[in-house]
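Below is one structure, written out as structure tokens; comments come after it.
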Protein chains: 4
Amino acid sequence: MIDVQNEPGVNEMDIDKVGICDVNYPIQVLDKNREKQGTTASINMFVDLPHRFKGTHMSRFIEVLNEYRDEITVRNMGKILREITRSLEARSAHMELAFKYFIEKESPVSKSRSLMDYDCRFIIAYAQGGSVDFVLEVKVPVMTLCPCSKEISQTAAHNQRSEVTVQLRFNNFVWIEDIISFVERSASSGLYALLKRPDEKYVVEHAYENPRFVEDIVRIIASKLMKDEKITWFSVKSINYESIHNHNAYAYIERDKRK
Amino acid sequence: MIDVQNEPGVNEMDIDKVGICDVNYPIQVLDKNREKQGTTASINMFVDLPHRFKGTHMSRFIEVLNEYRDEITVRNMGKILREITRSLEARSAHMELAFKYFIEKESPVSKSRSLMDYDCRFIIAYAQGGSVDFVLEVKVPVMTLCPCSKEISQTAAHNQRSEVTVQLRFNNFVWIEDIISFVERSASSGLYALLKRPDEKYVVEHAYENPRFVEDIVRIIASKLMKDEKITWFSVKSINYESIHNHNAYAYIERDKRK
Amino acid sequence: MIDVQNEPGVNEMDIDKVGICDVNYPIQVLDKNREKQGTTASINMFVDLPHRFKGTHMSRFIEVLNEYRDEITVRNMGKILREITRSLEARSAHMELAFKYFIEKESPVSKSRSLMDYDCRFIIAYAQGGSVDFVLEVKVPVMTLCPCSKEISQTAAHNQRSEVTVQLRFNNFVWIEDIISFVERSASSGLYALLKRPDEKYVVEHAYENPRFVEDIVRIIASKLMKDEKITWFSVKSINYESIHNHNAYAYIERDKRK
Amino acid sequence: MIDVQNEPGVNEMDIDKVGICDVNYPIQVLDKNREKQGTTASINMFVDLPHRFKGTHMSRFIEVLNEYRDEITVRNMGKILREITRSLEARSAHMELAFKYFIEKESPVSKSRSLMDYDCRFIIAYAQGGSVDFVLEVKVPVMTLCPCSKEISQTAAHNQRSEVTVQLRFNNFVWIEDIISFVERSASSGLYALLKRPDEKYVVEHAYENPRFVEDIVRIIASKLMKDEKITWFSVKSINYESIHNHNAYAYIERDKRK
């Protein structure tokens with residue numbers, strides 16, 4: 001059967017990234033407390049393609065996934081990417097895995113336990129002869145209470161759910177749990193699936209004592225990440241779903257400590 | 001050229017609804033203050049199909065849309081649906097139009113004017129020999145402040161953006177503007193695109209004086225709709241994007257006054 | 001601490017459904033081949049609320065989820081709903097669980113094995129004194145090839161990905177695997193994560209021999225469901241993401257055999 | 001009233017981007033055939049913020065929007081960004097506007113006219129003392145027919161809807177209409193809202209004569225953009241919604257001709 005993919009490309013353009021996207025696949029993620037956690041990932045897998053080839057062999061991406069099934073963890077991402085470049089005869093490979101990660105959290109007063117879910121992403125790139133570039137992304141929903149409205153109002157302050165997205169490059173393993181924990185402590189309050197009345201009282205009063213602009217929250221997180229020697233590059237973004245507006249507030253800081 | 005659609009169906013099953021969906025199209029909506037407002041709709045158009053026909057003529061839906069271009073308003077929806085049944089030789093027709101509707105709003109203290117957008121939908125059905133069934137849907141984003149947290153906390157109360165969806169059948173024309181206005185007055189506060197500091201102070205203090213559970217807001221709106229003689233059927237739903245949880249609170253009431 | 005929720009409602013309106021939505025939670029689903037499959041669900045949980053109560057106790061929904069953690073399967077859905085009505089002192093309860101379900105599939109010629117994912121939903125309702133109403137929803141992505149374009153074109157036919165949504169009520173247990181299998185056989189072709197060249201040749205030629213309008217596919221499935229004595233009610237919907245248009249084709253049939 | 005925003009920041013971190021996002025607003029876009037086209041945009045507006053200020057004045061973004069209402073076109077984007085930096089006392093400003101753009105298209109044989117919608121985006125940045133950086137993004141849905149399946153199958157070939165996203169920087173005005181036109185000519189076929197039977201025959205046969213891998217389409221477009229002297233930088237991405245898989249094929253090329 002003719003292998004159309006191996007014919008020369010339609011022109012002289014090399015392709016930066018070619019592959020498959022939006023593949024849903026069950027994966028295992030390292031869990032600080034329970035060793036491993038099974039979850040479902042949406043996966044993108046790409047390689048480069050020189051102009052001498054008409055097409056890449058898309059089915060091989062799935063074959064590599066199948067080979068590493070149940071072993072798709074952060075620890076062997078480098079191995080998987082090297083296997084992709086080998087199998088697809090490419091010079092570089094790129095992979096993104098987006099998944100929900102669950103953590104059991106205790107409420108602040110009644111110590112009721114419940115599960116919180118966090119959207120995470122691994123963004124990994126590898127070029128032959130180079131090292132593996134790994135970016136960990138964690139989205140942490142938190143509560144922010146507006147300092148301005150607290151100051152000008154005699155009674156209350158507007159507050160809302162916000163979503164903080166942290167992306168990190170590091171030179172030493174970082175637990176998802178630890179990122180979540182310090183982001184939640186940087187906000188007016190963390191969120192909980194289960195709050196009894198004494199917990200709710202605590203959360204509301206604690207948030208009122210810790211007002212945060214969208215600017216404050218990204219600055220506080222960025223400042224901590226600047227001081228953490230394990231972190232070599234980071235970005236931190238917050239989107240506040242303002243309770244007084246139909247639009248959102250946004251702030252973003254990115255720093256590269258490798259320069 | 002053979003007309004495959006006119007051949008008999010593959011079996012004896014009549015089809016309830018067949019047609020096209022997710023058609024984007026510019027439309028004109030009646031505007032209480034400015035006569036007409038141009039906006040963009042996402043449109044679904046369906047007819048029934050007896051088993052003696054293999055397929056419906058999908059292109060005719062687009063031809064009807066083109067024919068009524070710039071005249072797609074609530075006032076001639078019945079005419080358009082009758083034209084669809086005629087053109088597609090059907091007994092019934094069904095149409096849904098989802099669009100953003102803009103209203104200029106004044107802030108409560110500084111009287112600053114700005115635009116708020118609301119997601120609206122027309123859901124219209126017609127069966128030959130019957131009358132046109134028209135459902136108007138309006139989504140109104142509002143602020144809700146939790147009565148429980150106000151009661152138990154010494155300082156503040158959690159509040160958040162909520163989305164109230166009202167669906168109405170009526171026997172006398174109802175303005176989108178009027179629905180939005182009474183939904184906003186039923187919440188802890190309405191939302192604004194532009195608030196100066198005195199406005200923000202007012203909104204926050206006003207909301208604190210008007211705490212609303214998700215249950216309260218659907219009950220208050222439902223009670224008003226029960227008393228309005230123009231309304232023959234309604235549903236009201238609220239989703240509160242809780243600022244203390246990563247999940248949402250939900251309440252729903254539906255009443256048919258025609259029974 | 002004051003229990004605001006137990007105070008009387010703001011007015012005389014009973015609430016049809018009140019509760020929490022968009023709760024993400026790990027669940028176990030019965031698997032025809034592997035006994036159980038772990039996956040992640042997005043969950044809605046509602047009860048009714050008489051007007052004599054101001055609010056429902058939202059945290060109890062999460063407590064019931066936590067109690068049944070790892071046992072949230074179709075077999076004990078009735079038990080969970082009865083527990084919800086008891087715990088929340090309600091007369092009726094309603095629950096929806098949406099989740100991805102994975103099946104290992106063999107390609108048609110090379111017999112290569114790979115995972116396909118399907119979006120499923122359980123929609124369950126219970127009213128005190130009555131039985132549990134269970135609706136199973138399965139979304140099956142398939143390929144459809146247009147009979148009209150095959151007839152009029154000398155060379156080929158347009159084809160595309162379609163999404164078939166089947167909802168069922170039944171009087172005897174039905175496996176998700178079996179629904180998927182008969183929907184795929186009703187389409188021009190099923191989809192696969194992994195196809196080698198001989199598989200791709202087979203799929204393309206098989207689809208060309210089995211052209212299907214959006215009308216054909218819902219009729220074929222509906223006709224089979226009419227004859228299956230285990231099925232007491234069903235709806236079948238297909239959305240074809242037309243490769244020649246920027247909008248989609250749609251067909252829908254619903255039948256209640258209990259009448 | 002205290003101006004909390006003008007107090008010093010919580011720490012020494014300068015903020016890269018701070019502002020508002022997801023603001024819906026009616027805008028006017030230049031139209032090659034009809035002078036201007038009214039549409040609805042989703043807008044993001046950001047500035048930088050030095051560490052000596054605690055917060056930016058979010059309401060001023062809306063005031064600038066209101067000031068330029070009905071004049072928000074590509075021609076005065078630079079003016080609007082300079083006004084933002086002035087009004088917010090910032091050194092840099094960034095703005096994104098995403099909107100649907102409609103074009104009347106003729107079908108290939110019957111010359112039936114109908115509207116096609118395209119998702120477009122302006123991404124504009126300005127730093128004091130520098131020039132305005134303008135990126136135009138246009139998403140063009142097209143049809144792609146697989147060369148491999150055409151080669152190996154005796155009868156047909158799988159084909160599907162694909163979405164091509166082109167981003168451009170240029171030194172001379174480029175019409176959205178012209179980008180759309182050459183992307184459609186680079187695909188197996190363009191899409192149409194309205195096709196009569198002779199049109200459908202033409203489209204299907206034309207696509208069969210012009211098979212395109214996801215790799216082919218980005219290479220053909222990239223090669224044309226390389227030769228166009230008005231273009232100084234571009235990226236081209238295609239996502240093919242494969243009709244034989246439940247995942248998508250992806251290819252991406254980016255070139256900076258300014259280097």
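By convention here, the chains of the structure tokens are called A, B, ... in the order presented, each chain's residues are numbered starting at 1, and ligands are numbered starting at 1 in the order presented.
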Give me the chain D side of the contact with chain B, cut-off 7 Å, one line per residue showing its nearest atom pair and distance in Å at one decimal, counting only C-alpha atoms, sorted by chain and residue number, as JSON lines.
{"residue": "D:Asn24", "atom": "CA", "partner": "B:Asp117", "partner_atom": "CA", "distance": 6.5}
{"residue": "D:Thr39", "atom": "CA", "partner": "B:Thr39", "partner_atom": "CA", "distance": 6.6}
{"residue": "D:Thr40", "atom": "CA", "partner": "B:Thr39", "partner_atom": "CA", "distance": 6.9}
{"residue": "D:Ser59", "atom": "CA", "partner": "B:Leu194", "partner_atom": "CA", "distance": 5.7}
{"residue": "D:Ile62", "atom": "CA", "partner": "B:Leu194", "partner_atom": "CA", "distance": 6.4}
{"residue": "D:Asn66", "atom": "CA", "partner": "B:Ser114", "partner_atom": "CA", "distance": 6.9}
{"residue": "D:Ser114", "atom": "CA", "partner": "B:Asn66", "partner_atom": "CA", "distance": 6.9}
{"residue": "D:Asp117", "atom": "CA", "partner": "B:Asn24", "partner_atom": "CA", "distance": 6.5}
{"residue": "D:Leu194", "atom": "CA", "partner": "B:Ser59", "partner_atom": "CA", "distance": 5.7}
{"residue": "D:Leu195", "atom": "CA", "partner": "B:Ser59", "partner_atom": "CA", "distance": 6.5}
{"residue": "D:Lys196", "atom": "CA", "partner": "B:Ser59", "partner_atom": "CA", "distance": 6.9}
- Item | Residues near Ser149 of chain D, cut-off 9 Å, only C-alpha atoms, skip fewer than 2 positions along chain, as a PyMOL selection string | (chain C and resi 197+200-201+204) or (chain D and resi 145-147+151-153+156-158)
Find the nearest atom pair between each residue of segment 92-181 of chain B and segment 225-246 of chain B for residues within 12 Å, count only C-alpha atoms, give distances in Å to one decimal, sort rows by chain and ascending number, and present the table as a tab-separated table.
residue	atom	partner	partner_atom	distance
B:Asp133	CA	B:Trp233	CA	11.3
B:Phe134	CA	B:Trp233	CA	10.7
B:Val135	CA	B:Phe234	CA	8.8
B:Leu136	CA	B:Phe234	CA	9.5
B:Glu137	CA	B:Ser235	CA	9.3
B:Val138	CA	B:Val236	CA	9.8
B:Lys139	CA	B:Lys237	CA	9.3
B:Val140	CA	B:Ser238	CA	9.3
B:Pro141	CA	B:Ser238	CA	9.4
B:Val142	CA	B:Asn240	CA	9.1
B:Met143	CA	B:Asn240	CA	8.6
B:Thr144	CA	B:Asn240	CA	7.4
B:Leu145	CA	B:Glu242	CA	9.7
B:Cys146	CA	B:Glu242	CA	9.3
B:Ser149	CA	B:Ile244	CA	10.5
B:Ala157	CA	B:Ser243	CA	10.3
B:His158	CA	B:Ser243	CA	6.5
B:Asn159	CA	B:Ser243	CA	6.4
B:Gln160	CA	B:Ser243	CA	5.6
B:Arg161	CA	B:Tyr241	CA	5.9
B:Ser162	CA	B:Asn240	CA	4.1
B:Glu163	CA	B:Ile239	CA	5.3
B:Val164	CA	B:Ser238	CA	4.3
B:Thr165	CA	B:Lys237	CA	5.1
B:Val166	CA	B:Val236	CA	4.6
B:Gln167	CA	B:Ser235	CA	5.2
B:Leu168	CA	B:Phe234	CA	4.5
B:Arg169	CA	B:Trp233	CA	5.0
B:Phe170	CA	B:Ile231	CA	4.3
B:Asn171	CA	B:Lys230	CA	5.3
B:Asn172	CA	B:Lys230	CA	5.5
B:Phe173	CA	B:Lys230	CA	8.0
B:Val174	CA	B:Lys230	CA	8.1
B:Trp175	CA	B:Lys230	CA	11.7
B:Ile179	CA	B:Leu225	CA	10.0
- Tell me, in Å to one decimal, how far atom CA of Pro211 of chain D is from atom CA of Val4 of chain A.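 So the answer is 11.7 Å.
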Shell of 12 Å around Met13 of chain A, only C-alpha atoms, local chain residues under 4 positions omitted, as an mmCIF file with N, CA and C atoms, in the first residue's frame:
data_model
loop_
_atom_site.group_PDB
_atom_site.id
_atom_site.type_symbol
_atom_site.label_atom_id
_atom_site.label_comp_id
_atom_site.auth_asym_id
_atom_site.auth_seq_id
_atom_site.Cartn_x
_atom_site.Cartn_y
_atom_site.Cartn_z
ATOM 1 N N PRO A 8 7.583 13.611 -0.758
ATOM 2 C CA PRO A 8 8.064 14.946 -0.364
ATOM 3 C C PRO A 8 6.909 15.907 -0.110
ATOM 4 N N GLY A 9 7.146 16.910 0.716
ATOM 5 C CA GLY A 9 6.130 17.906 1.036
ATOM 6 C C GLY A 9 5.713 18.708 -0.186
ATOM 7 N N LYS A 17 5.093 22.388 14.206
ATOM 8 C CA LYS A 17 4.395 21.416 15.060
ATOM 9 C C LYS A 17 3.311 20.745 14.246
ATOM 10 N N ASP A 48 7.996 18.128 15.018
ATOM 11 C CA ASP A 48 8.313 18.966 13.858
ATOM 12 C C ASP A 48 8.284 18.083 12.609
ATOM 13 N N LEU A 49 8.230 18.676 11.435
ATOM 14 C CA LEU A 49 8.255 17.876 10.199
ATOM 15 C C LEU A 49 9.043 18.616 9.119
ATOM 16 N N PRO A 50 10.193 18.061 8.715
ATOM 17 C CA PRO A 50 10.992 18.708 7.662
ATOM 18 C C PRO A 50 10.238 18.658 6.336
ATOM 19 N N HIS A 51 10.602 19.548 5.407
ATOM 20 C CA HIS A 51 9.836 19.664 4.160
ATOM 21 C C HIS A 51 10.002 18.450 3.256
ATOM 22 N N ARG A 52 10.985 17.573 3.546
ATOM 23 C CA ARG A 52 11.149 16.412 2.649
ATOM 24 C C ARG A 52 10.075 15.344 2.876
ATOM 25 N N PHE A 53 9.267 15.486 3.946
ATOM 26 C CA PHE A 53 8.160 14.539 4.169
ATOM 27 C C PHE A 53 6.813 15.234 3.975
ATOM 28 N N LYS A 54 5.929 14.556 3.247
ATOM 29 C CA LYS A 54 4.595 15.123 3.007
ATOM 30 C C LYS A 54 3.754 15.126 4.282
ATOM 31 N N GLU D 215 -1.001 18.996 6.978
ATOM 32 C CA GLU D 215 0.349 19.515 6.677
ATOM 33 C C GLU D 215 0.331 20.350 5.391
ATOM 34 N N ASP D 216 -0.367 19.846 4.363
ATOM 35 C CA ASP D 216 -0.417 20.563 3.078
ATOM 36 C C ASP D 216 -0.999 21.954 3.245
ATOM 37 N N ILE D 217 -2.087 22.024 3.966
ATOM 38 C CA ILE D 217 -2.803 23.300 4.002
ATOM 39 C C ILE D 217 -1.977 24.380 4.701
ATOM 40 N N VAL D 218 -1.304 24.041 5.817
ATOM 41 C CA VAL D 218 -0.496 25.085 6.467
ATOM 42 C C VAL D 218 0.726 25.431 5.609
ATOM 43 N N ARG D 219 1.280 24.445 4.904
ATOM 44 C CA ARG D 219 2.436 24.735 4.039
ATOM 45 C C ARG D 219 2.056 25.627 2.865
ATOM 46 N N ILE D 220 0.916 25.360 2.242
ATOM 47 C CA ILE D 220 0.497 26.159 1.078
ATOM 48 C C ILE D 220 0.250 27.608 1.491
ATOM 49 N N ILE D 221 -0.437 27.766 2.620
ATOM 50 C CA ILE D 221 -0.719 29.129 3.098
ATOM 51 C C ILE D 221 0.576 29.827 3.520
ATOM 52 N N ALA D 222 1.435 29.114 4.241
ATOM 53 C CA ALA D 222 2.688 29.718 4.716
ATOM 54 C C ALA D 222 3.550 30.153 3.532
ATOM 55 N N SER D 223 3.578 29.341 2.517
ATOM 56 C CA SER D 223 4.404 29.664 1.354
ATOM 57 C C SER D 223 3.910 30.945 0.674
ATOM 58 N N LYS D 224 2.601 31.089 0.550
ATOM 59 C CA LYS D 224 2.043 32.328 -0.025
ATOM 60 C C LYS D 224 2.376 33.533 0.844
ATOM 61 N N LEU D 225 2.279 33.361 2.165
ATOM 62 C CA LEU D 225 2.540 34.481 3.069
ATOM 63 C C LEU D 225 4.017 34.865 3.056
ATOM 64 N N MET D 226 4.897 33.883 2.840
ATOM 65 C CA MET D 226 6.332 34.168 2.726
ATOM 66 C C MET D 226 6.589 35.116 1.551
ATOM 67 N N VAL D 236 0.345 30.254 10.995
ATOM 68 C CA VAL D 236 -0.811 29.608 10.399
ATOM 69 C C VAL D 236 -0.990 28.255 11.070
ATOM 70 N N TYR D 252 1.092 23.556 12.511
ATOM 71 C CA TYR D 252 1.372 24.953 12.854
ATOM 72 C C TYR D 252 2.717 25.382 12.274
ATOM 73 N N ILE D 253 2.717 26.515 11.585
ATOM 74 C CA ILE D 253 3.956 27.140 11.091
ATOM 75 C C ILE D 253 3.944 28.614 11.481
ATOM 76 N N GLU D 254 5.094 29.105 11.962
ATOM 77 C CA GLU D 254 5.230 30.527 12.299
ATOM 78 C C GLU D 254 6.545 31.028 11.704
ATOM 79 N N ARG D 255 6.529 32.208 11.091
ATOM 80 C CA ARG D 255 7.759 32.773 10.534
ATOM 81 C C ARG D 255 7.808 34.276 10.794
#
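Taking atom CA of Ile27 of chain C and atom CA of Met77 of chain C as endpoints, the distance between them is 12.0 Å.
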- Message: as a PyMOL selection string, please: every residue in segment 51-152 of chain A that DSSP puts in strand (DSSP E or B).
- Response: chain A and resi 92-106+113-127+132-145
- Item | Top pick for closest residue to Met45 of chain A, considering A:His247, A:Arg212, A:Lys259, A:His94 and counting only C-alpha atoms | A:His94
